[in-house]
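**Student:** Submitted below is the structure of interest, expressed as structure tokens.
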Amino acid sequence: MQRLQNLICSMNVTPMAKSIRMLQVLERTSSAMICQRHGQRHQHSSAESFLSGTSSSYVEEMFNAWLEDPKSVHKSWDSYFRMTQQGAKPGDAYRAPPPMPKPVLVYPGYTPMPEGMMPMPMPQTVPAVGTGAPDAKAIQDHLAVQLIIRSYQVLGAKVAALDPLGINFADLDHSTPAALKLQTFNLTEADLDRSFHLPPSCYIGGNETSLPLREIINRLQKAYCKHVGVEFMFLHNLEQQRWIKHKFEMPGGQDLAKEEKRTLMARLIRSTRFEEFLAKKWTSEKRFGLEGCESLIPAMKTVIDSSSILGTDSFIIGMPHRGRLNVLANVCRKPLEQIFCQFDSKLEAADEGSGDVKYHLGMCHERLNHATNKRIKLAVVANPSHLEAVNPVVQGKTKAEQYYRGDTEHKRSMSILLHGDAAFSGQGIVYETFHLSDLPAFTTGGTVHIVVNNQIGFTTDPRMSRSSPYCTDVARVVGAPIFHVNADDPEAVTYVCKVASEWRDTWGKDVVIDLVCYRKNGHNEIDEPMFTQPLMYKKIAKHPKTIDQYAAKLIAEGTVTEQEYQDEVAKYDKVCEEAFLAAKAETAVHNLDWLDSPWIGFFDDKDPMKYPDTSVEEDRLKTIGTMFSTPPGDGFKLHNGIKRILKGRAEMVSNRMADWALGEAFAFGSLLMDGIHVRLSGQDVERGTFSHRHHVLHDQEIDKKIFNSLNHLSPDQSAYSVCNSSLSEFGVLGFELGYSMTNPNALVIWEAQFGDFNNTAQCIIDQFISSGQAKWVRQSGLVMLLPHGMEGMGPEHSSARMERFLQMSNDDAEYFPPEGENFEMQQLHEINWFVCNCTTPANLFHVLRRQIQLPFRKPLIMMTPKSLLRLPEARSSFDDMVTGSRFQRIIPENGPASENPDNVEKVIFCSGRVYYDLVKSRDMENRTEKIAILRVEQVSPFPFDLVKAECEKYRKAKVVWVQEEHKNMGGWSYVHPRFDTAMKKDPKARRVKYIGRHAAASAATGNKQMHLMEQSKYIKEAISLV
Ligand SMILES: Cc1ncc(C[n+]2csc(CCOP(=O)(O)OP(=O)(O)O)c2C)c(N)n1
Ligand SMILES: [Mg+2]
């Protein structure tokens, strides 16, 4: 386009400008007319103009072709470009550009073909190429043909025979777009045998540059309207458009070799017979069978084979329930007996974990890929019932794998994501995950998506479950091409899968394969589909199986004999029977067989009860502190505010003190120097929402010139990735969880902008983080940093909802674990996650380091402060981080009260920033000897032992829990019964009393005055001694 525009500028070609304007007007007109004529529900998008945004590119295409070879374009264009290039003055040398055809209504009496195709009458010979000077009609017709070609490329999918049942037509639209009708272009049957030039970016001609219109249409129909419907003309990149055209338009390009067909048949047999075998052996068991979409197995195998040829050797797969067992068996080749064992509910687990139902379990398997003779690794990520929630997790896992393998080109590890049609269009996380696909810190170099589009979601008809024509329309936002394919044509399926793999390899972008199929049974095998879809299921009952259709085809064409086919069936049936017997001999199931992310060697030689030393030597703090406070060097233009911040940091370091940002940097830096990869992502994390972190410094004059001091600590350190994320909590938290699963030796952190935003990622928290180890024996050391605290900022910015995390902690409120040397480690070992609310940089430092130094991995849910980031009292001395120091689960009172505990009348336990308010008021009231204030820094697992000891120490004091959160929020409901347990043997039968805000529906008042009143009231009560 640029070339064309330059020419326009240099040539004083007003006529050209006029023509472009004319084309644009035409585009709008034709698009409007087409919309009107469609009159369909989805007219706004399904009736997309075949010219949309591209008429200028059409002119450009003509122009570029003309520049290269004036003979390659129609004479009219040739003379037009020649005239304009000679610089003819407007008016005298002006010659009208080749006119664009006017859309006209379909003439009366027109009867569309069954598929709505153009009529194909008997041949006549009316040549249009090379017949001397073009007349106006010839030019108009020539342009009409160019537009017809374009309209097939844009809209061909709409009339492709995609739906095996012929009910919904994949896009819920039966109509044929006017742009696919000959009459729209003022052409008649008589024109079908005239020859027309093909535009340079159309490949249907093979070596021919012109073809009769009849043949042009035939070839376009073959390319775009048979069993494959390609949506790609919305791509902004013309090279990508051409690439796809080439793949689908080249004559003969889609044919499979004989051997490929035989392999395809064998795969289809396995896919079909596997379900039949399960149905026969376990008649009333739910398995969410694949019947109706058996082509999925050869489809996945083709993606894997083709990608393996292209150099990929690790595939991370995310998928829902449908066909999952079949995928495990026939794509991943998980031993069948392990799958069959899952049907035996009497078998108990031989190892840890509560396990999950069979169609949610993950696995990881390495094997030889026979098609390429290369070793490949296949991981299916365990997923909850929550459809599509696994998508970002898969992407994070793949990204991490690429990082550890140094796979910067994203060629060796890739994701494959499977979807159901209803879930793909319905779940927002699909969109959120797509939006990570091209971000530098999140891209995995393209994902192959496969939709098992059985045109139903449980009992809901797609006409009631989506507002878009196709269930795949969400993929358009990121420029992913979409290949709709009739799943009853396994060869077409195979072809699009090959193209999809090559697309990923070539362009590094996502691609979608929409397997348009049906669901043979109900939602599961014990469901009755006739209740709700009677007509559809009458049709399905009569519909022949894909394998039967395909075997008949191969037998008829002589690719296999009937006997060969029967032998292949018998061979696989035998494999199933043998595995069935082997499964019967099993005495237990093994949860570890279903681990999606094995950390080989990580647990070896580790003492699970050894508490790690999380301190570091002072020199290391100095090295990190100095680097962290040193400006980037000459030539880097820093903002003055940043200079001040760095100066302040340098002063703190020289005073052996750390604020929150330094404490965090010390933790990250020391781990990085120990070879631990650290990754922090979330919204605005590079600077920090509260402008305290500043890990990425920006040159004030040069765009993208940045400096991150934590990547310059030592030559052999690990990489520190800190990345601002898209505005998605669900997607990004899921992604980081996946990232944390790949390698235990990485500190992976997600930070919420404000803590309460974690609720839009609730599914990841509930379904994966809190329960992943129990269900799927999968550990993760993921850290969630959740800004939390009541600072008069209103309901939305005050609470990270600590109570929810605490409620999901699995430590029993009434159970005081045996006291002894290993008390702390035992608790850490048994809990599902740690919930902390730290008040000092030193404790933050230790707890972050502890994540990596523990001999196992658990998620850490960390309430982080806001105003404390700058509060001078909330700083730590180096003494609290250097050798000899450790993480403090409870920070005890260390003032006068602790020296004479019998004199203390009140012992206050609290957690978080309220501590600093309490101390201030207590000290102002001169009650330092009477009131002890203790901070519970690790709220869960609950430090029963320390609470008990502190209560015993202050044996004459009243025990109170003070919190700033409302009574039904914060830590109270969690700590209350646990205090009771800790104080069960209290000689005076004391019980903890609550002081704080009353119960409320909203997390905080929006009125600042009210906030302050509430605060002063409970603080006053807390430090009162009456
Ligand atoms: C987030 C979520 N909501 C609801 C469900 C309940 N559910 C399970 S399967 C299903 C229908 C899914 O339809 P589709 O995505 O088309 O997959 P199919 O079962 O047809 O293969 C529903 C609604 C769920 N599992 N997850
Ligand atoms: Mg469905």
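So you can find residues: chains in the structure tokens are A, B, ... in the order shown, residues in each start at 1, and ligands are numbered from 1 in order.
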Using only C-alpha atoms and all ligand atoms, what are the residues with an atom within 6 Å of ligand 1, set out as a PyMOL selection string?

**Tutor:** chain A and resi 322+385-387+420-423+454+456-458+523

**Student:** Could you pull out the strand (DSSP E) residues of stretch 335-562 of chain A from DSSP and send them as a ChimeraX atom specification?

**Tutor:** /A:348-349,363-369,374-380,413-420,448-453,482-486,511-516

**Student:** Do you know which residues are at most 9 Å from A:Gly971 counting only C-alpha atoms, after dropping those on the same chain fewer than 5 positions away, and could you put them as a compact mmCIF listing (two decimals) with N, CA, C and O atoms, in the first residue's frame?

**Tutor:**
# COMPACT_ATOMS: atom_id res chain seq x y z
N MET A 802 -8.78 -11.99 52.91
CA MET A 802 -7.98 -13.01 53.58
C MET A 802 -8.85 -14.14 54.12
O MET A 802 -8.44 -15.31 54.13
N GLU A 803 -10.06 -13.78 54.55
CA GLU A 803 -10.94 -14.79 55.15
C GLU A 803 -11.22 -15.95 54.21
O GLU A 803 -11.36 -17.09 54.65
N LEU A 806 -8.26 -18.22 54.12
CA LEU A 806 -8.14 -18.94 55.39
C LEU A 806 -9.19 -20.04 55.48
O LEU A 806 -8.92 -21.13 55.98
N CYS A 910 -2.65 -9.51 66.76
CA CYS A 910 -3.21 -8.87 65.57
C CYS A 910 -2.41 -9.33 64.36
O CYS A 910 -1.45 -10.09 64.50
N SER A 911 -2.83 -8.88 63.21
CA SER A 911 -2.11 -9.27 61.99
C SER A 911 -2.18 -8.12 61.00
O SER A 911 -3.25 -7.56 60.78
N VAL A 939 -0.54 -16.65 59.31
CA VAL A 939 -1.86 -16.91 59.89
C VAL A 939 -2.21 -18.38 59.70
O VAL A 939 -2.81 -19.01 60.56
N GLN A 963 -8.52 -6.67 64.98
CA GLN A 963 -8.34 -6.55 63.53
C GLN A 963 -9.06 -5.33 63.01
O GLN A 963 -10.02 -4.85 63.62
N GLU A 965 -10.26 -5.29 59.89
CA GLU A 965 -11.30 -5.76 58.98
C GLU A 965 -12.61 -5.96 59.75
O GLU A 965 -12.60 -6.12 60.97
N HIS A 976 -10.29 -17.57 65.65
CA HIS A 976 -11.08 -17.73 66.86
C HIS A 976 -11.11 -19.17 67.39
O HIS A 976 -10.67 -19.44 68.52

**Student:** Could you state the separation of atom CA of A:Arg262 and atom CA of A:Ala551 in Å, given to one decimal place?

**Tutor:**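 It comes out at 9.6 Å.
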
**Student:** So how far away is atom CA of A:Val452 from atom CA of A:Asp514, in Å?

**Tutor:**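 We find that atom CA of A:Asp514 and atom CA of A:Val452 lie 6.8 Å from each other.
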
**Student:** Report as JSON, numbers by chain all protein, DNA and RNA residues lying within 10 Å of A:Ser681, evaluated on only C-alpha atoms, omitting residues in the same chain fewer than 6 positions from it.

**Tutor:** {"A": [441, 442, 721, 722, 723, 724, 725, 726, 732, 733, 735, 736, 748, 749, 750, 751, 752]}

**Student:** Write the selection just made, keeping C-alpha atoms, as a PDB file, in the first residue's frame?

**Tutor:**
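Once everything was written out, this is result.pdb:
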ATOM      1  CA  ALA A 441       6.447 -12.147  28.260  1.00  0.00           C
ATOM      2  CA  PHE A 442       3.569 -14.545  27.684  1.00  0.00           C
ATOM      3  CA  SER A 721      11.668 -11.672  34.505  1.00  0.00           C
ATOM      4  CA  VAL A 722       9.414  -8.920  35.679  1.00  0.00           C
ATOM      5  CA  CYS A 723       6.582  -8.172  33.355  1.00  0.00           C
ATOM      6  CA  ASN A 724       3.513  -6.019  33.316  1.00  0.00           C
ATOM      7  CA  SER A 725       0.614  -8.166  32.239  1.00  0.00           C
ATOM      8  CA  SER A 726      -2.604  -7.740  30.363  1.00  0.00           C
ATOM      9  CA  VAL A 732      -2.457 -14.203  34.229  1.00  0.00           C
ATOM     10  CA  LEU A 733      -2.761 -15.964  37.582  1.00  0.00           C
ATOM     11  CA  PHE A 735      -0.508 -18.558  33.463  1.00  0.00           C
ATOM     12  CA  GLU A 736       1.840 -18.029  36.396  1.00  0.00           C
ATOM     13  CA  VAL A 748       7.070 -17.441  40.458  1.00  0.00           C
ATOM     14  CA  ILE A 749       4.927 -14.603  41.702  1.00  0.00           C
ATOM     15  CA  TRP A 750       1.672 -13.040  40.628  1.00  0.00           C
ATOM     16  CA  GLU A 751       0.759  -9.697  42.142  1.00  0.00           C
ATOM     17  CA  ALA A 752      -2.768  -8.339  42.153  1.00  0.00           C
TER      18      ALA A 752
END

**Student:** Apply DSSP to the structure's backbone, then extract all residues of stretch 617-759 of chain A labelled helix (DSSP H, G or I) and return them as a PyMOL selection string.

**Tutor:** chain A and resi 618-629+640-654+660-673+709-711+729-742+755-759

**Student:** Okay, now the selection with C-alpha atoms, as a PDB file, in the first residue's frame?

**Tutor:**
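Result written to result.pdb:
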ATOM      1  CA  GLU A 618      25.618  -9.339  54.986  1.00  0.00           C
ATOM      2  CA  ASP A 619      27.953  -8.958  52.028  1.00  0.00           C
ATOM      3  CA  ARG A 620      25.325 -10.290  49.749  1.00  0.00           C
ATOM      4  CA  LEU A 621      22.770  -7.784  51.032  1.00  0.00           C
ATOM      5  CA  LYS A 622      25.280  -5.043  50.402  1.00  0.00           C
ATOM      6  CA  THR A 623      25.983  -6.219  46.866  1.00  0.00           C
ATOM      7  CA  ILE A 624      22.313  -6.380  46.013  1.00  0.00           C
ATOM      8  CA  GLY A 625      21.472  -3.172  47.861  1.00  0.00           C
ATOM      9  CA  THR A 626      24.249  -1.275  46.101  1.00  0.00           C
ATOM     10  CA  MET A 627      23.246  -2.479  42.673  1.00  0.00           C
ATOM     11  CA  PHE A 628      19.584  -1.849  43.401  1.00  0.00           C
ATOM     12  CA  SER A 629      20.297   1.752  44.356  1.00  0.00           C
ATOM     13  CA  ASN A 640      14.493  13.053  38.778  1.00  0.00           C
ATOM     14  CA  GLY A 641      11.987  11.283  40.991  1.00  0.00           C
ATOM     15  CA  ILE A 642      13.754   7.994  40.355  1.00  0.00           C
ATOM     16  CA  LYS A 643      17.085   9.569  41.167  1.00  0.00           C
ATOM     17  CA  ARG A 644      15.669  10.585  44.527  1.00  0.00           C
ATOM     18  CA  ILE A 645      14.307   7.101  45.151  1.00  0.00           C
ATOM     19  CA  LEU A 646      17.667   5.491  44.336  1.00  0.00           C
ATOM     20  CA  LYS A 647      19.418   7.958  46.600  1.00  0.00           C
ATOM     21  CA  GLY A 648      17.045   7.090  49.421  1.00  0.00           C
ATOM     22  CA  ARG A 649      17.716   3.401  48.851  1.00  0.00           C
ATOM     23  CA  ALA A 650      21.477   3.968  48.947  1.00  0.00           C
ATOM     24  CA  GLU A 651      21.125   5.777  52.256  1.00  0.00           C
ATOM     25  CA  MET A 652      19.088   2.939  53.698  1.00  0.00           C
ATOM     26  CA  VAL A 653      21.675   0.422  52.570  1.00  0.00           C
ATOM     27  CA  SER A 654      24.484   2.397  54.147  1.00  0.00           C
ATOM     28  CA  TRP A 660       9.582  -3.092  51.774  1.00  0.00           C
ATOM     29  CA  ALA A 661      11.023  -2.634  48.283  1.00  0.00           C
ATOM     30  CA  LEU A 662      14.520  -3.405  49.517  1.00  0.00           C
ATOM     31  CA  GLY A 663      13.348  -6.428  51.480  1.00  0.00           C
ATOM     32  CA  GLU A 664      11.723  -7.785  48.345  1.00  0.00           C
ATOM     33  CA  ALA A 665      14.783  -6.976  46.231  1.00  0.00           C
ATOM     34  CA  PHE A 666      17.020  -8.730  48.756  1.00  0.00           C
ATOM     35  CA  ALA A 667      14.876 -11.849  48.519  1.00  0.00           C
ATOM     36  CA  PHE A 668      14.779 -11.814  44.727  1.00  0.00           C
ATOM     37  CA  GLY A 669      18.399 -10.844  44.324  1.00  0.00           C
ATOM     38  CA  SER A 670      19.762 -13.433  46.721  1.00  0.00           C
ATOM     39  CA  LEU A 671      17.771 -16.180  45.033  1.00  0.00           C
ATOM     40  CA  LEU A 672      18.847 -15.014  41.595  1.00  0.00           C
ATOM     41  CA  MET A 673      22.457 -15.138  42.740  1.00  0.00           C
ATOM     42  CA  SER A 709      19.378  -3.726  38.039  1.00  0.00           C
ATOM     43  CA  LEU A 710      18.376  -7.119  39.427  1.00  0.00           C
ATOM     44  CA  ASN A 711      19.559  -8.664  36.192  1.00  0.00           C
ATOM     45  CA  GLU A 729      -6.473 -11.771  36.670  1.00  0.00           C
ATOM     46  CA  PHE A 730      -7.936 -15.141  35.710  1.00  0.00           C
ATOM     47  CA  GLY A 731      -5.658 -15.484  32.717  1.00  0.00           C
ATOM     48  CA  VAL A 732      -2.457 -14.203  34.229  1.00  0.00           C
ATOM     49  CA  LEU A 733      -2.761 -15.964  37.582  1.00  0.00           C
ATOM     50  CA  GLY A 734      -3.499 -19.187  35.689  1.00  0.00           C
ATOM     51  CA  PHE A 735      -0.508 -18.558  33.463  1.00  0.00           C
ATOM     52  CA  GLU A 736       1.840 -18.029  36.396  1.00  0.00           C
ATOM     53  CA  LEU A 737       0.506 -21.118  38.101  1.00  0.00           C
ATOM     54  CA  GLY A 738       1.332 -23.083  34.971  1.00  0.00           C
ATOM     55  CA  TYR A 739       4.755 -21.462  34.884  1.00  0.00           C
ATOM     56  CA  SER A 740       5.390 -22.524  38.467  1.00  0.00           C
ATOM     57  CA  MET A 741       4.545 -26.139  37.673  1.00  0.00           C
ATOM     58  CA  THR A 742       7.352 -26.712  35.221  1.00  0.00           C
ATOM     59  CA  GLY A 755      -5.911  -7.674  46.616  1.00  0.00           C
ATOM     60  CA  ASP A 756      -9.629  -7.860  45.968  1.00  0.00           C
ATOM     61  CA  PHE A 757      -9.075  -8.312  42.254  1.00  0.00           C
ATOM     62  CA  ASN A 758      -8.053 -11.851  43.017  1.00  0.00           C
ATOM     63  CA  ASN A 759     -11.763 -12.634  42.969  1.00  0.00           C
TER      64      ASN A 759
END

**Student:** Please provide the set of residues having any atom within 7 Å of A:Ile204, restricted to only C-alpha atoms, with same-chain residues fewer than 4 positions apart removed, written as a PyMOL selection string.

**Tutor:** chain A and resi 219-220+249-251

**Student:** Restricting it to N, CA, C and O atoms, dump the selection as a PDB file, in the first residue's frame.

**Tutor:**
ATOM      1  N   ARG A 219     -12.835 -24.396  -9.151  1.00  0.00           N
ATOM      2  CA  ARG A 219     -11.640 -24.520  -8.298  1.00  0.00           C
ATOM      3  C   ARG A 219     -11.797 -23.758  -6.987  1.00  0.00           C
ATOM      4  O   ARG A 219     -11.315 -24.189  -5.944  1.00  0.00           O
ATOM      5  N   LEU A 220     -12.482 -22.643  -7.065  1.00  0.00           N
ATOM      6  CA  LEU A 220     -12.718 -21.898  -5.816  1.00  0.00           C
ATOM      7  C   LEU A 220     -13.624 -22.701  -4.891  1.00  0.00           C
ATOM      8  O   LEU A 220     -13.430 -22.732  -3.674  1.00  0.00           O
ATOM      9  N   GLU A 249      -5.512 -23.203  -2.131  1.00  0.00           N
ATOM     10  CA  GLU A 249      -5.925 -23.014  -3.526  1.00  0.00           C
ATOM     11  C   GLU A 249      -5.113 -23.834  -4.513  1.00  0.00           C
ATOM     12  O   GLU A 249      -5.601 -24.130  -5.607  1.00  0.00           O
ATOM     13  N   MET A 250      -3.881 -24.150  -4.175  1.00  0.00           N
ATOM     14  CA  MET A 250      -3.037 -24.856  -5.145  1.00  0.00           C
ATOM     15  C   MET A 250      -3.715 -26.165  -5.570  1.00  0.00           C
ATOM     16  O   MET A 250      -4.031 -27.009  -4.724  1.00  0.00           O
ATOM     17  N   PRO A 251      -3.926 -26.370  -6.847  1.00  0.00           N
ATOM     18  CA  PRO A 251      -4.631 -27.582  -7.267  1.00  0.00           C
ATOM     19  C   PRO A 251      -3.880 -28.831  -6.829  1.00  0.00           C
ATOM     20  O   PRO A 251      -2.654 -28.915  -6.940  1.00  0.00           O
TER      21      PRO A 251
END

**Student:** Mind dumping a table of every stretch 207-316 of chain A residue within 9 Å of stretch 136-155 of chain A, with the nearest atom pair and its distance in Å to one decimal, using only C-alpha atoms, sorted by chain and rising number, as a Markdown table?

**Tutor:**
| residue | atom | partner | partner_atom | distance |
| --- | --- | --- | --- | --- |
| A:Leu213 | CA | A:Val145 | CA | 7.6 |
| A:Ile216 | CA | A:Ile149 | CA | 7.9 |
| A:Ile217 | CA | A:Ile149 | CA | 7.9 |
| A:Leu220 | CA | A:Tyr152 | CA | 6.5 |
| A:Gln221 | CA | A:Tyr152 | CA | 7.6 |
| A:Ala223 | CA | A:Gln153 | CA | 8.8 |
| A:Tyr224 | CA | A:Tyr152 | CA | 6.7 |
| A:Cys225 | CA | A:Tyr152 | CA | 8.2 |
| A:Gly229 | CA | A:Leu155 | CA | 8.7 |
| A:Val230 | CA | A:Gln153 | CA | 7.9 |
| A:Glu231 | CA | A:Val154 | CA | 6.9 |
| A:Phe232 | CA | A:Val154 | CA | 7.3 |
| A:Met233 | CA | A:Val154 | CA | 5.5 |
| A:Phe234 | CA | A:Val154 | CA | 8.1 |
| A:Lys245 | CA | A:Gln153 | CA | 7.9 |

**Student:** Store the residues picked out above, limited to N, CA and C atoms, as a CSV table (one decimal), in the first residue's frame.

**Tutor:**
chain,number,residue,atom,x,y,z
A,213,LEU,N,-14.2,-18.9,-16.7
A,213,LEU,CA,-14.9,-18.6,-15.4
A,213,LEU,C,-15.4,-19.8,-14.7
A,216,ILE,N,-12.7,-21.4,-12.9
A,216,ILE,CA,-12.4,-20.6,-11.8
A,216,ILE,C,-13.3,-20.9,-10.6
A,217,ILE,N,-14.6,-20.9,-10.9
A,217,ILE,CA,-15.6,-21.1,-9.9
A,217,ILE,C,-15.4,-22.6,-9.3
A,220,LEU,N,-12.5,-22.6,-7.1
A,220,LEU,CA,-12.7,-21.9,-5.8
A,220,LEU,C,-13.6,-22.7,-4.9
A,221,GLN,N,-14.6,-23.3,-5.5
A,221,GLN,CA,-15.5,-24.2,-4.7
A,221,GLN,C,-14.7,-25.3,-4.0
A,223,ALA,N,-11.6,-25.3,-3.3
A,223,ALA,CA,-10.7,-24.8,-2.3
A,223,ALA,C,-11.5,-24.4,-1.0
A,224,TYR,N,-12.6,-23.7,-1.2
A,224,TYR,CA,-13.2,-23.1,-0.1
A,224,TYR,C,-14.6,-23.5,0.3
A,225,CYS,N,-15.2,-24.4,-0.5
A,225,CYS,CA,-16.6,-24.7,-0.2
A,225,CYS,C,-16.9,-26.2,0.0
A,229,GLY,N,-13.8,-25.0,5.5
A,229,GLY,CA,-14.2,-23.6,5.3
A,229,GLY,C,-13.1,-22.8,6.0
A,230,VAL,N,-12.4,-22.0,5.3
A,230,VAL,CA,-11.3,-21.3,5.8
A,230,VAL,C,-11.7,-19.8,6.1
A,231,GLU,N,-11.4,-19.4,7.3
A,231,GLU,CA,-11.6,-17.9,7.6
A,231,GLU,C,-10.3,-17.3,7.8
A,232,PHE,N,-9.9,-16.4,6.9
A,232,PHE,CA,-8.6,-15.8,7.1
A,232,PHE,C,-8.4,-14.5,6.4
A,233,MET,N,-9.4,-14.0,5.7
A,233,MET,CA,-9.3,-12.8,5.0
A,233,MET,C,-9.4,-11.6,6.0
A,234,PHE,N,-9.7,-11.9,7.3
A,234,PHE,CA,-9.7,-10.8,8.2
A,234,PHE,C,-8.3,-10.5,8.8
A,245,LYS,N,-3.9,-18.8,1.3
A,245,LYS,CA,-4.5,-19.0,-0.1
A,245,LYS,C,-3.7,-20.1,-0.8

**Student:** Give me, please, the distance in Å between atom CA of A:Thr883 and atom CA of A:Glu824, quoted to one decimal.

**Tutor:**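 Atom-to-atom, atom CA of A:Thr883 to atom CA of A:Glu824, that is 19.9 Å.
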
**Student:** Just want the 7 Å neighbourhood of stretch 492-494 of chain A, counted on only C-alpha atoms, with same-chain residues fewer than 4 positions away dropped. Output as a VMD selection string.

**Tutor:** chain A and resid 227 to 228 299 302 485 487 498
